[in-house]
>>> print(open('data_24.txt').read())   # compact mmCIF, C-alpha atoms and all ligand atoms
# COMPACT_ATOMS: atom_id res chain seq x y z
CA MET A 1267 74.82 121.92 97.24
CA LEU A 1268 73.12 125.31 97.41
CA ASN A 1269 74.06 125.67 101.07
CA ARG A 1270 77.67 124.87 100.27
CA LEU A 1271 77.74 127.43 97.50
CA ILE A 1272 76.32 130.10 99.79
CA VAL A 1273 78.96 129.26 102.40
CA LEU A 1274 81.72 129.47 99.80
CA VAL A 1275 80.52 132.76 98.38
CA THR A 1276 80.16 134.20 101.88
CA LEU A 1277 83.63 133.06 102.86
CA CYS A 1278 85.12 134.45 99.66
CA ILE A 1279 83.58 137.82 100.43
CA VAL A 1280 84.71 137.72 104.05
CA LEU A 1281 88.13 136.16 103.60
CA GLY A 1282 89.33 137.31 100.23
CA PRO A 1283 91.17 134.95 97.83
CA VAL A 1284 89.23 132.19 96.16
CA SER A 1285 89.22 128.79 97.83
CA HIS A 1286 87.60 126.16 95.68
CA ALA A 1287 86.76 122.53 95.52
CA ALA A 1288 86.84 121.81 91.82
CA ASP A 1289 83.49 120.23 91.23
CA ASP A 1290 81.48 123.31 92.16
CA GLN A 1291 82.94 126.21 90.32
CA LEU A 1292 85.76 125.51 87.91
CA PRO A 1293 85.95 125.70 84.12
CA THR A 1294 86.16 122.36 82.32
CA PHE A 1295 89.30 120.63 81.08
CA PHE A 1296 88.72 118.09 78.33
CA PRO A 1297 91.61 115.57 78.36
CA ASN A 1298 93.66 115.15 75.19
CA THR A 1299 92.28 118.27 73.54
CA GLU A 1300 95.16 120.68 74.10
CA VAL A 1301 98.91 120.60 73.65
CA LEU A 1302 100.96 121.49 76.70
CA ALA A 1303 103.18 124.51 75.94
CA ALA A 1304 106.94 123.88 75.98
CA ASP A 1305 107.39 125.95 79.14
CA GLU A 1306 104.28 124.75 80.96
CA MET A 1307 103.58 122.22 83.72
CA ARG A 1308 100.21 120.50 84.12
CA ILE A 1309 99.25 118.86 87.39
CA THR A 1310 96.25 116.55 87.75
CA ALA A 1311 94.78 115.28 91.02
CA LEU A 1312 94.14 111.56 90.46
CA GLY A 1313 93.22 110.94 94.10
CA THR A 1314 92.68 113.33 96.99
CA GLY A 1315 90.89 111.26 99.63
CA LEU A 1316 91.57 108.92 102.51
CA PRO A 1317 91.67 105.13 102.78
CA THR A 1318 88.16 105.18 104.18
CA PRO A 1319 85.72 105.67 102.79
CA LEU A 1320 86.92 105.25 99.23
CA THR A 1321 84.19 106.91 97.21
CA ARG A 1322 83.36 107.15 93.53
CA VAL A 1323 84.37 110.81 93.57
CA GLN A 1324 87.39 110.76 95.93
CA LYS A 1325 90.02 108.05 95.47
CA SER A 1326 93.21 107.74 97.53
CA THR A 1327 96.29 109.83 96.86
CA SER A 1328 97.85 110.15 93.43
CA TRP A 1329 99.15 113.11 91.44
CA MET A 1330 100.27 113.33 87.83
CA VAL A 1331 102.76 115.97 86.73
CA GLU A 1332 103.20 116.52 82.98
CA LEU A 1333 105.97 118.77 81.69
CA GLY A 1334 106.28 120.67 78.44
CA ASN A 1335 109.35 118.58 77.57
CA GLY A 1336 107.15 115.46 77.31
CA ASP A 1337 108.04 113.94 80.69
CA VAL A 1338 105.33 112.56 82.97
CA PHE A 1339 105.70 111.74 86.67
CA LEU A 1340 103.31 110.08 89.09
CA PHE A 1341 103.55 110.96 92.76
CA ASP A 1342 101.89 108.19 94.79
CA ILE A 1343 99.47 105.68 93.39
CA GLY A 1344 96.85 105.15 96.09
CA THR A 1345 93.97 102.73 95.99
CA GLY A 1346 91.37 103.56 93.36
CA SER A 1347 93.36 106.36 91.75
CA MET A 1348 94.04 104.42 88.59
CA GLU A 1349 90.39 104.69 87.62
CA ASN A 1350 90.96 108.40 87.26
CA LEU A 1351 94.22 107.93 85.34
CA PHE A 1352 92.63 105.50 82.89
CA GLY A 1353 89.67 107.83 82.46
CA LEU A 1354 92.08 110.49 81.14
CA ARG A 1355 93.27 108.00 78.46
CA PRO A 1356 96.93 109.11 78.64
CA ASP A 1357 99.77 107.88 76.43
CA PHE A 1358 101.00 105.13 78.75
CA SER A 1359 104.27 104.78 76.85
CA ARG A 1360 105.28 108.05 78.56
CA ILE A 1361 104.30 107.06 82.10
CA ASP A 1362 107.01 104.88 83.60
CA LYS A 1363 108.07 106.73 86.77
CA VAL A 1364 106.30 106.61 90.14
CA PHE A 1365 107.56 108.40 93.26
CA LEU A 1366 106.11 107.06 96.51
CA SER A 1367 105.79 109.24 99.60
CA HIS A 1368 105.26 106.25 101.93
CA LEU A 1369 103.84 102.78 102.06
CA HIS A 1370 100.31 103.23 103.37
CA THR A 1371 97.94 101.61 100.88
CA ASP A 1372 96.14 104.90 100.32
CA HIS A 1373 99.44 106.00 98.74
CA PHE A 1374 100.61 102.90 96.84
CA GLY A 1375 97.70 100.44 96.81
CA ASP A 1376 97.14 100.69 93.05
CA LEU A 1377 100.74 99.90 92.09
CA ASP A 1378 99.69 96.47 90.80
CA ALA A 1379 96.74 97.93 88.85
CA PHE A 1380 99.02 100.52 87.29
CA TYR A 1381 101.81 98.03 86.52
CA VAL A 1382 99.49 95.67 84.62
CA GLY A 1383 97.09 98.24 83.18
CA SER A 1384 99.79 100.51 81.77
CA TRP A 1385 101.66 97.48 80.32
CA LEU A 1386 98.49 96.36 78.54
CA SER A 1387 97.77 99.88 77.31
CA GLY A 1388 101.07 101.05 75.86
CA ARG A 1389 104.00 100.92 78.31
CA TYR A 1390 106.82 98.93 76.73
CA THR A 1391 109.70 100.03 78.98
CA PRO A 1392 110.39 99.07 82.63
CA LEU A 1393 108.41 100.75 85.37
CA HIS A 1394 110.67 102.80 87.68
CA VAL A 1395 109.51 103.07 91.28
CA TYR A 1396 111.22 105.56 93.61
CA GLY A 1397 110.75 105.47 97.36
CA ALA A 1398 112.45 105.58 100.73
CA THR A 1399 114.05 103.07 103.04
CA GLY A 1400 112.28 102.21 106.28
CA GLU A 1401 113.48 101.72 109.83
CA THR A 1402 114.42 98.14 108.81
CA PRO A 1403 114.93 96.64 105.32
CA GLU A 1404 111.56 94.85 105.39
CA LEU A 1405 109.80 98.19 106.00
CA GLY A 1406 111.37 99.87 102.98
CA THR A 1407 110.16 100.54 99.45
CA ARG A 1408 112.32 97.79 97.94
CA ALA A 1409 110.79 95.10 100.12
CA ALA A 1410 107.24 96.37 99.51
CA VAL A 1411 107.56 96.61 95.73
CA GLU A 1412 109.33 93.24 95.48
CA ALA A 1413 106.46 91.73 97.48
CA VAL A 1414 103.91 93.27 95.12
CA MET A 1415 105.80 91.82 92.16
CA LYS A 1416 105.83 88.40 93.84
CA ALA A 1417 102.09 88.68 94.37
CA VAL A 1418 101.56 89.35 90.66
CA ALA A 1419 103.94 86.60 89.46
CA TRP A 1420 101.07 84.57 87.96
CA ASP A 1421 99.70 87.66 86.26
CA THR A 1422 103.11 88.65 84.86
CA LYS A 1423 103.95 85.15 83.59
CA SER A 1424 100.52 84.75 82.00
CA ARG A 1425 101.28 87.65 79.66
CA THR A 1426 104.60 86.23 78.40
CA GLY A 1427 104.94 86.66 74.66
CA ILE A 1428 101.75 88.69 74.36
CA LEU A 1429 103.05 91.96 75.86
CA PRO A 1430 106.48 93.63 75.42
CA ASP A 1431 109.17 91.91 77.52
CA LEU A 1432 110.54 95.07 79.09
CA GLY A 1433 107.11 96.34 80.17
CA GLY A 1434 107.00 93.44 82.62
CA LYS A 1435 110.09 94.68 84.47
CA VAL A 1436 110.17 96.95 87.50
CA VAL A 1437 113.25 98.89 88.58
CA ILE A 1438 113.27 99.96 92.24
CA HIS A 1439 115.15 103.09 93.30
CA GLU A 1440 115.34 103.10 97.09
CA PHE A 1441 116.93 106.02 98.90
CA ASP A 1442 117.65 106.93 102.52
CA TYR A 1443 114.60 108.60 104.07
CA ARG A 1444 116.78 110.47 106.57
CA LYS A 1445 118.75 112.56 104.07
CA GLU A 1446 117.67 116.17 103.79
CA ASN A 1447 117.16 117.67 100.39
CA GLN A 1448 118.88 114.81 98.57
CA VAL A 1449 118.59 114.56 94.79
CA VAL A 1450 116.84 111.27 93.97
CA TYR A 1451 116.29 111.89 90.24
CA GLU A 1452 118.05 114.09 87.67
CA GLU A 1453 117.45 113.69 83.94
CA ARG A 1454 116.46 115.82 80.94
CA GLY A 1455 116.59 119.03 82.96
CA VAL A 1456 114.32 117.68 85.70
CA LYS A 1457 115.60 117.47 89.26
CA ILE A 1458 113.64 115.79 92.06
CA SER A 1459 114.80 115.97 95.66
CA SER A 1460 113.39 114.50 98.87
CA TRP A 1461 113.35 115.14 102.61
CA PRO A 1462 111.83 113.36 105.62
CA ALA A 1463 108.25 113.63 106.83
CA ILE A 1464 106.81 112.80 110.26
CA HIS A 1465 104.05 110.22 109.96
CA SER A 1466 103.33 107.03 111.96
CA LEU A 1467 106.70 105.32 111.29
CA ASP A 1468 110.05 106.41 109.89
CA GLY A 1469 110.07 106.42 106.10
CA SER A 1470 107.48 108.98 104.91
CA VAL A 1471 109.04 111.64 102.66
CA SER A 1472 108.17 114.73 100.61
CA TYR A 1473 109.43 115.67 97.13
CA ARG A 1474 110.32 118.81 95.23
CA LEU A 1475 110.49 118.79 91.41
CA GLU A 1476 112.41 121.56 89.63
CA TRP A 1477 112.20 122.08 85.88
CA ASN A 1478 112.62 125.04 83.59
CA GLY A 1479 112.40 127.58 86.41
CA LEU A 1480 109.17 126.06 87.80
CA SER A 1481 108.89 124.14 91.05
CA PHE A 1482 106.36 121.60 92.30
CA VAL A 1483 106.27 120.23 95.86
CA PHE A 1484 104.40 117.15 96.99
CA GLY A 1485 104.15 116.63 100.72
CA GLY A 1486 103.72 113.06 101.88
CA ASP A 1487 101.57 112.41 104.95
CA THR A 1488 103.11 114.32 107.85
CA ARG A 1489 102.51 116.52 110.82
CA PRO A 1490 103.96 119.96 110.18
CA ASN A 1491 107.72 119.50 109.97
CA ARG A 1492 110.65 121.88 109.79
CA TRP A 1493 112.16 120.23 106.69
CA PHE A 1494 109.05 121.04 104.68
CA ILE A 1495 109.19 124.69 105.72
CA LYS A 1496 112.87 124.83 104.78
CA TYR A 1497 112.79 123.04 101.41
CA ALA A 1498 109.32 123.86 100.05
CA VAL A 1499 109.75 127.58 100.61
CA ASP A 1500 108.90 129.82 97.66
CA ALA A 1501 107.99 126.92 95.36
CA ASP A 1502 105.41 127.74 92.69
CA PHE A 1503 102.98 124.93 93.44
CA VAL A 1504 102.84 123.25 96.84
CA ILE A 1505 100.67 120.28 97.83
CA HIS A 1506 100.34 119.41 101.51
CA GLU A 1507 97.91 117.17 103.32
CA CYS A 1508 95.02 118.79 105.18
CA PHE A 1509 93.36 116.30 107.49
CA PRO A 1510 89.95 116.81 109.09
CA THR A 1511 89.94 118.71 112.39
CA PRO A 1512 89.90 116.55 115.57
CA GLU A 1513 86.20 117.36 115.98
CA GLY A 1514 85.46 116.62 112.33
CA LEU A 1515 87.31 113.31 112.47
CA ALA A 1516 85.53 112.27 115.67
CA ARG A 1517 82.16 112.98 114.05
CA PHE A 1518 83.11 111.37 110.76
CA ASN A 1519 84.67 108.18 112.14
CA GLN A 1520 82.51 108.06 115.27
CA TRP A 1521 85.70 107.93 117.33
CA GLU A 1522 86.53 109.34 120.75
CA MET A 1523 88.32 112.70 120.91
CA ARG A 1524 91.70 111.31 122.01
CA PRO A 1525 92.38 109.05 118.99
CA SER A 1526 90.79 111.66 116.72
CA THR A 1527 93.11 114.37 118.04
CA PHE A 1528 96.16 112.11 117.83
CA VAL A 1529 95.50 111.05 114.23
CA SER A 1530 94.42 114.50 113.06
CA SER A 1531 97.18 116.54 114.67
CA TYR A 1532 100.10 114.31 115.73
CA ILE A 1533 100.63 112.09 112.67
CA HIS A 1534 98.72 114.26 110.19
CA THR A 1535 98.16 118.00 109.72
CA PRO A 1536 94.82 119.57 110.64
CA PRO A 1537 93.56 122.60 108.68
CA GLU A 1538 95.00 125.28 110.99
CA GLY A 1539 98.38 123.55 110.76
CA PHE A 1540 98.08 123.42 106.96
CA GLY A 1541 97.41 127.15 106.92
CA LYS A 1542 100.44 127.87 109.11
CA VAL A 1543 102.67 125.74 106.89
CA MET A 1544 101.48 127.57 103.77
CA SER A 1545 101.92 130.97 105.42
CA ALA A 1546 105.56 130.02 106.03
CA VAL A 1547 106.15 128.51 102.57
CA ARG A 1548 104.30 131.21 100.55
CA PRO A 1549 103.60 129.32 97.30
CA ARG A 1550 101.94 130.77 94.20
CA MET A 1551 99.30 128.07 94.75
CA ALA A 1552 98.69 126.12 97.95
CA VAL A 1553 96.84 122.84 97.48
CA ALA A 1554 95.08 120.95 100.26
CA TYR A 1555 94.29 117.24 99.86
CA HIS A 1556 93.82 114.08 101.97
CA THR A 1557 90.43 115.48 102.78
CA VAL A 1558 86.85 114.46 103.35
CA LEU A 1559 84.74 116.77 101.22
CA LEU A 1560 81.44 116.25 102.99
CA PRO A 1561 79.77 119.67 103.24
CA ASP A 1562 79.95 120.11 107.02
CA ILE A 1563 83.58 118.91 107.24
CA TYR A 1564 84.52 121.02 104.22
CA GLN A 1565 83.08 124.15 105.78
CA GLY A 1566 84.99 123.66 109.05
CA MET A 1567 88.18 122.91 107.14
CA LEU A 1568 87.99 126.05 105.03
CA GLU A 1569 87.23 128.27 108.01
CA ALA A 1570 90.14 126.75 109.96
CA ILE A 1571 92.60 127.19 107.07
CA ARG A 1572 91.59 130.82 106.66
CA LYS A 1573 92.39 131.52 110.29
CA THR A 1574 96.08 130.99 109.51
CA TYR A 1575 96.53 131.48 105.75
CA ASP A 1576 95.15 134.08 103.35
CA GLY A 1577 97.06 133.27 100.15
CA PRO A 1578 96.05 131.47 96.94
CA LEU A 1579 94.38 128.18 97.79
CA THR A 1580 92.74 125.18 96.17
CA ILE A 1581 91.04 122.54 98.26
CA ALA A 1582 91.54 119.84 95.66
CA THR A 1583 89.12 117.16 94.70
CA ASP A 1584 89.75 114.34 92.25
CA LEU A 1585 90.44 115.54 88.70
CA THR A 1586 91.24 119.12 89.58
CA VAL A 1587 93.78 120.23 86.96
CA TRP A 1588 96.25 123.12 87.12
CA ASN A 1589 98.32 124.56 84.29
CA VAL A 1590 101.34 126.28 85.74
CA SER A 1591 103.55 128.68 83.82
CA LYS A 1592 105.79 131.52 84.93
CA ASP A 1593 103.08 134.15 84.58
CA LYS A 1594 99.88 132.33 85.61
CA ILE A 1595 98.22 129.31 87.19
CA VAL A 1596 94.94 128.16 85.65
CA THR A 1597 92.71 125.80 87.66
CA ARG A 1598 90.13 123.59 85.95
CA ALA A 1599 88.20 120.36 86.44
CA ALA A 1600 88.74 117.41 84.07
CA VAL A 1601 85.70 115.58 82.80
CA PHE A 1602 85.38 112.28 80.95
CA PRO A 1603 82.67 109.67 80.42
CA ASP A 1604 82.16 106.86 82.92
CA ARG A 1605 83.03 104.30 80.25
CA VAL A 1606 86.11 104.83 78.10
CA THR A 1607 88.12 102.77 75.62
CA PRO A 1608 91.85 102.23 76.24
CA PRO A 1609 94.04 104.99 74.76
CA PRO A 1610 95.79 104.48 71.40
CA THR A 1611 99.14 102.66 71.60
CA THR A 1612 102.30 103.67 69.75
CA GLU A 1613 104.15 101.93 66.92
CA ALA A 1614 107.05 101.42 69.31
CA PHE A 1615 104.75 99.50 71.68
CA LYS A 1616 103.44 97.34 68.84
CA LYS A 1617 106.97 96.55 67.61
CA ALA A 1618 108.70 96.09 71.00
CA PRO A 1619 110.20 92.59 71.41
CA ARG A 1620 108.00 89.88 72.89
CA SER A 1621 109.58 86.54 73.63
CA GLY A 1622 108.47 83.19 74.97
CA GLU A 1623 104.98 81.92 75.45
CA ALA A 1624 102.76 81.32 78.46
CA LYS A 1625 102.05 77.60 78.51
CA MET A 1626 99.54 75.38 80.25
CA SER A 1627 100.13 71.73 81.08
CA ASP A 1628 99.07 68.76 78.94
CA TYR A 1629 96.64 67.92 81.74
CA ILE A 1630 94.80 71.23 81.33
CA MET A 1631 95.03 71.33 77.52
CA ASP A 1632 93.52 67.85 77.42
CA GLY A 1633 90.36 69.51 78.68
CA VAL A 1634 89.80 71.55 75.48
CA TRP A 1635 86.27 70.95 74.21
CA GLU A 1636 86.11 69.91 70.58
CA GLY A 1637 82.67 71.43 70.16
CA PHE A 1638 84.29 74.85 69.50
CA THR A 1639 87.04 75.57 66.96
CA PRO A 1640 88.85 78.93 67.36
CA PRO A 1641 89.75 80.92 64.23
CA PRO A 1642 93.23 80.20 62.78
CA LEU A 1643 96.01 82.30 64.33
CA PRO A 1644 97.29 85.05 61.96
CA GLU A 1645 101.05 85.36 61.25
CA ASN A 1646 101.27 88.47 63.44
ZN ZN B 1701 99.78 107.69 105.53
ZN ZN B 1702 97.42 108.95 103.62
>>> encode(input="data_24.txt", output="structure tokens")
Amino acid sequence: MLNRLIVLVTLCIVLGPVSHAADDQLPTFFPNTEVLAADEMRITALGTGLPTPLTRVQKSTSWMVELGNGDVFLFDIGTGSMENLFGLRPDFSRIDKVFLSHLHTDHFGDLDAFYVGSWLSGRYTPLHVYGATGETPELGTRAAVEAVMKAVAWDTKSRTGILPDLGGKVVIHEFDYRKENQVVYEERGVKISSWPAIHSLDGSVSYRLEWNGLSFVFGGDTRPNRWFIKYAVDADFVIHECFPTPEGLARFNQWEMRPSTFVSSYIHTPPEGFGKVMSAVRPRMAVAYHTVLLPDIYQGMLEAIRKTYDGPLTIATDLTVWNVSKDKIVTRAAVFPDRVTPPPTTEAFKKAPRSGEAKMSDYIMDGVWEGFTPPPLPEN
């Protein structure tokens, strides 16, 4: 830790603008203790890591964007990220929109956990999932999300009558991955557009959210691509992946240099590429994620980024939080206890219609043991 701090301080002196991983140096954000201003955007990193290893401190990709108008958007929902979302104890009645960049599990593997957990904890309206087509219908978002819903059929049916009917529905919004800068969402003054990314198979995309004169860009996994440079340019807050260097990946995964170079630099973006992208896009804050924040890899990553980019930078870790307004960007680190209770639910959740009843067969019910009598069921 001390070594890492010395490296960071040295690099800050040598290279100028602050580059921070949140857990070392940032002021604290205590969730649910401040009201977002009407003209402000708050962004929370719910997952900044890779599919392997999933660690307690770095889950797979997910980002939450909260707006001063009350809207909340999730961008990706990678494996493990929901632990961080639940730890924040948000009002789940407001979180019903997820935008997927692509269908690697480190970007949508917690969709089932979010679907069920948010329904149990306050969501009483359908979950809307936005994502792209694939090269064939079975490789698209619709097919993937329908398959997830089939996999959780038992889970969904078991909650019949106990949870709000509409919370058990999912609405899929699939759009053509090939279209440049197409508007995929436009409501309540919020516009979200998408464009293609270059990553493993056709179908990875990036998003730009515009609201109230502020702009947020979320880059899905990609090697540097010309669409990103064109459509992310001059946005206020820009997130782009920053993979380990080929050498770092070879050391980390104990791979040969050829597959390490291919994965790092041909289907992902290594740190020098990230820096070049950000130098072209010129955001008010550049955010690197999809990282391995082991000290030796971190050091090489930061040095490589600073060879090609000298602007404002955060190397994000899980639970880094940014408040973005027209005049400033404040970066903090959210903290919460390891064990939390579910957040309060709303009156609307409690009163939302519930119909039907999950039933078991006479065969199973015949197995009830008479040695225990449950308390009588209240009227409601
Ligand atoms: Zn991917
Ligand atoms: Zn990924």
>>> residues_near_ligand(input="data_24.txt", ligand="ligand ZN 1702 (chain B)", cutoff="6 Å", atoms="only C-alpha atoms and all ligand atoms", output="ChimeraX atom specification")
/A:1316,1372,1487
>>> residues_near_ligand(input="data_24.txt", ligand="ligand ZN 1701 (chain B)", cutoff="10 Å", atoms="only C-alpha atoms and all ligand atoms", output="list of chain:residue names")
A:Leu1316, A:Pro1317, A:Thr1327, A:Ser1367, A:His1368, A:Leu1369, A:His1370, A:Thr1371, A:Asp1372, A:His1373, A:Phe1374, A:Ile1464, A:His1465, A:Ser1466, A:Leu1467, A:Ser1470, A:Gly1486, A:Asp1487, A:Thr1488, A:Glu1507, A:Ile1533, A:His1534, A:His1556
>>> closest_residue(input="data_24.txt", among="A:Tyr1390, A:Asp1305, A:Val1634, A:Asp1468", to="Leu1405 of chain A", atoms="all atoms listed in the file")
A:Asp1468
>>> closest_atom_pairs(input="data_24.txt", of="segment 1294-1401 of chain A", to="segment 1573-1591 of chain A", cutoff="7 Å", atoms="all atoms listed in the file", output="tab-separated table")
residue	atom	partner	partner_atom	distance
A:Asp1305	CA	A:Ser1591	CA	6.6
A:Glu1306	CA	A:Ser1591	CA	4.9
A:Met1307	CA	A:Val1590	CA	5.1
A:Arg1308	CA	A:Asn1589	CA	4.5
A:Ile1309	CA	A:Trp1588	CA	5.2
A:Thr1310	CA	A:Val1587	CA	4.5
A:Ala1311	CA	A:Leu1585	CA	4.9
A:Leu1312	CA	A:Asp1584	CA	5.5
A:Gly1313	CA	A:Asp1584	CA	5.2
A:Thr1314	CA	A:Asp1584	CA	5.7
A:Val1323	CA	A:Asp1584	CA	6.6
A:Gln1324	CA	A:Asp1584	CA	5.7
>>> closest_residue(input="data_24.txt", among="A:Phe1509, A:Arg1389, A:Lys1423, A:Gly1334", to="Gly1315 of chain A", atoms="only C-alpha atoms")
A:Phe1509
>>> closest_atom_pairs(input="data_24.txt", of="segment 1579-1631 of chain A", to="segment 1294-1301 of chain A", cutoff="8 Å", atoms="all atoms listed in the file", output="CSV")
residue,atom,partner,partner_atom,distance
A:Val1587,CA,A:Phe1295,CA,7.4
A:Arg1598,CA,A:Thr1294,CA,5.5
A:Ala1599,CA,A:Thr1294,CA,5.0
A:Ala1600,CA,A:Phe1295,CA,4.4
A:Val1601,CA,A:Phe1296,CA,5.9
A:Phe1602,CA,A:Phe1296,CA,7.2
>>> closest_atom_pairs(input="data_24.txt", of="segment 1313-1399 of chain A", to="segment 1439-1456 of chain A", cutoff="9 Å", atoms="all atoms listed in the file", output="Markdown table")
| residue | atom | partner | partner_atom | distance |
| --- | --- | --- | --- | --- |
| A:Asn1335 | CA | A:Arg1454 | CA | 8.3 |
| A:Asp1337 | CA | A:Arg1454 | CA | 8.6 |
| A:His1394 | CA | A:His1439 | CA | 7.2 |
| A:Val1395 | CA | A:His1439 | CA | 6.0 |
| A:Tyr1396 | CA | A:His1439 | CA | 4.7 |
| A:Gly1397 | CA | A:Glu1440 | CA | 5.2 |
| A:Ala1398 | CA | A:Phe1441 | CA | 4.9 |
| A:Thr1399 | CA | A:Asp1442 | CA | 5.3 |
>>> atom_distance(input="data_24.txt", atom1="atom CA of Ser1359 of chain A", atom2="atom CA of Ser1384 of chain A")
7.9 Å
>>> atom_distance(input="data_24.txt", atom1="atom CA of Ile1428 of chain A", atom2="atom CA of Trp1385 of chain A")
10.6 Å
>>> atom_distance(input="data_24.txt", atom1="atom CA of Pro1608 of chain A", atom2="atom CA of Gly1622 of chain A")
25.3 Å
>>> build_atoms(input="data_24.txt", residues="segment 1474-1487 of chain A", atoms="N, CA and C atoms", output="JSON list (two decimals), in the coordinates of the input")
[["chain", "number", "residue", "atom", "x", "y", "z"],
["A", 1474, "ARG", "N", 110.37, 117.55, 95.98],
["A", 1474, "ARG", "CA", 110.32, 118.81, 95.23],
["A", 1474, "ARG", "C", 110.86, 118.56, 93.82],
["A", 1475, "LEU", "N", 110.08, 118.93, 92.81],
["A", 1475, "LEU", "CA", 110.49, 118.79, 91.41],
["A", 1475, "LEU", "C", 110.82, 120.17, 90.86],
["A", 1476, "GLU", "N", 111.99, 120.29, 90.24],
["A", 1476, "GLU", "CA", 112.41, 121.56, 89.63],
["A", 1476, "GLU", "C", 112.61, 121.33, 88.14],
["A", 1477, "TRP", "N", 112.02, 122.18, 87.34],
["A", 1477, "TRP", "CA", 112.20, 122.08, 85.88],
["A", 1477, "TRP", "C", 111.95, 123.44, 85.25],
["A", 1478, "ASN", "N", 112.84, 123.87, 84.44],
["A", 1478, "ASN", "CA", 112.62, 125.04, 83.59],
["A", 1478, "ASN", "C", 112.18, 126.27, 84.40],
["A", 1479, "GLY", "N", 112.73, 126.42, 85.58],
["A", 1479, "GLY", "CA", 112.40, 127.58, 86.41],
["A", 1479, "GLY", "C", 111.08, 127.46, 87.15],
["A", 1480, "LEU", "N", 110.42, 126.29, 87.05],
["A", 1480, "LEU", "CA", 109.17, 126.06, 87.80],
["A", 1480, "LEU", "C", 109.41, 125.00, 88.87],
["A", 1481, "SER", "N", 108.69, 125.11, 89.97],
["A", 1481, "SER", "CA", 108.89, 124.14, 91.05],
["A", 1481, "SER", "C", 107.55, 123.62, 91.57],
["A", 1482, "PHE", "N", 107.55, 122.32, 91.83],
["A", 1482, "PHE", "CA", 106.36, 121.60, 92.30],
["A", 1482, "PHE", "C", 106.77, 120.86, 93.56],
["A", 1483, "VAL", "N", 105.97, 120.95, 94.62],
["A", 1483, "VAL", "CA", 106.27, 120.23, 95.86],
["A", 1483, "VAL", "C", 105.09, 119.33, 96.22],
["A", 1484, "PHE", "N", 105.41, 118.09, 96.54],
["A", 1484, "PHE", "CA", 104.40, 117.15, 96.99],
["A", 1484, "PHE", "C", 104.75, 116.67, 98.39],
["A", 1485, "GLY", "N", 103.92, 117.04, 99.34],
["A", 1485, "GLY", "CA", 104.15, 116.63, 100.72],
["A", 1485, "GLY", "C", 103.49, 115.29, 100.99],
["A", 1486, "GLY", "N", 104.30, 114.32, 101.43],
["A", 1486, "GLY", "CA", 103.72, 113.06, 101.88],
["A", 1486, "GLY", "C", 103.01, 113.28, 103.21],
["A", 1487, "ASP", "N", 102.28, 112.27, 103.68],
["A", 1487, "ASP", "CA", 101.57, 112.41, 104.95],
["A", 1487, "ASP", "C", 102.56, 112.82, 106.04]]
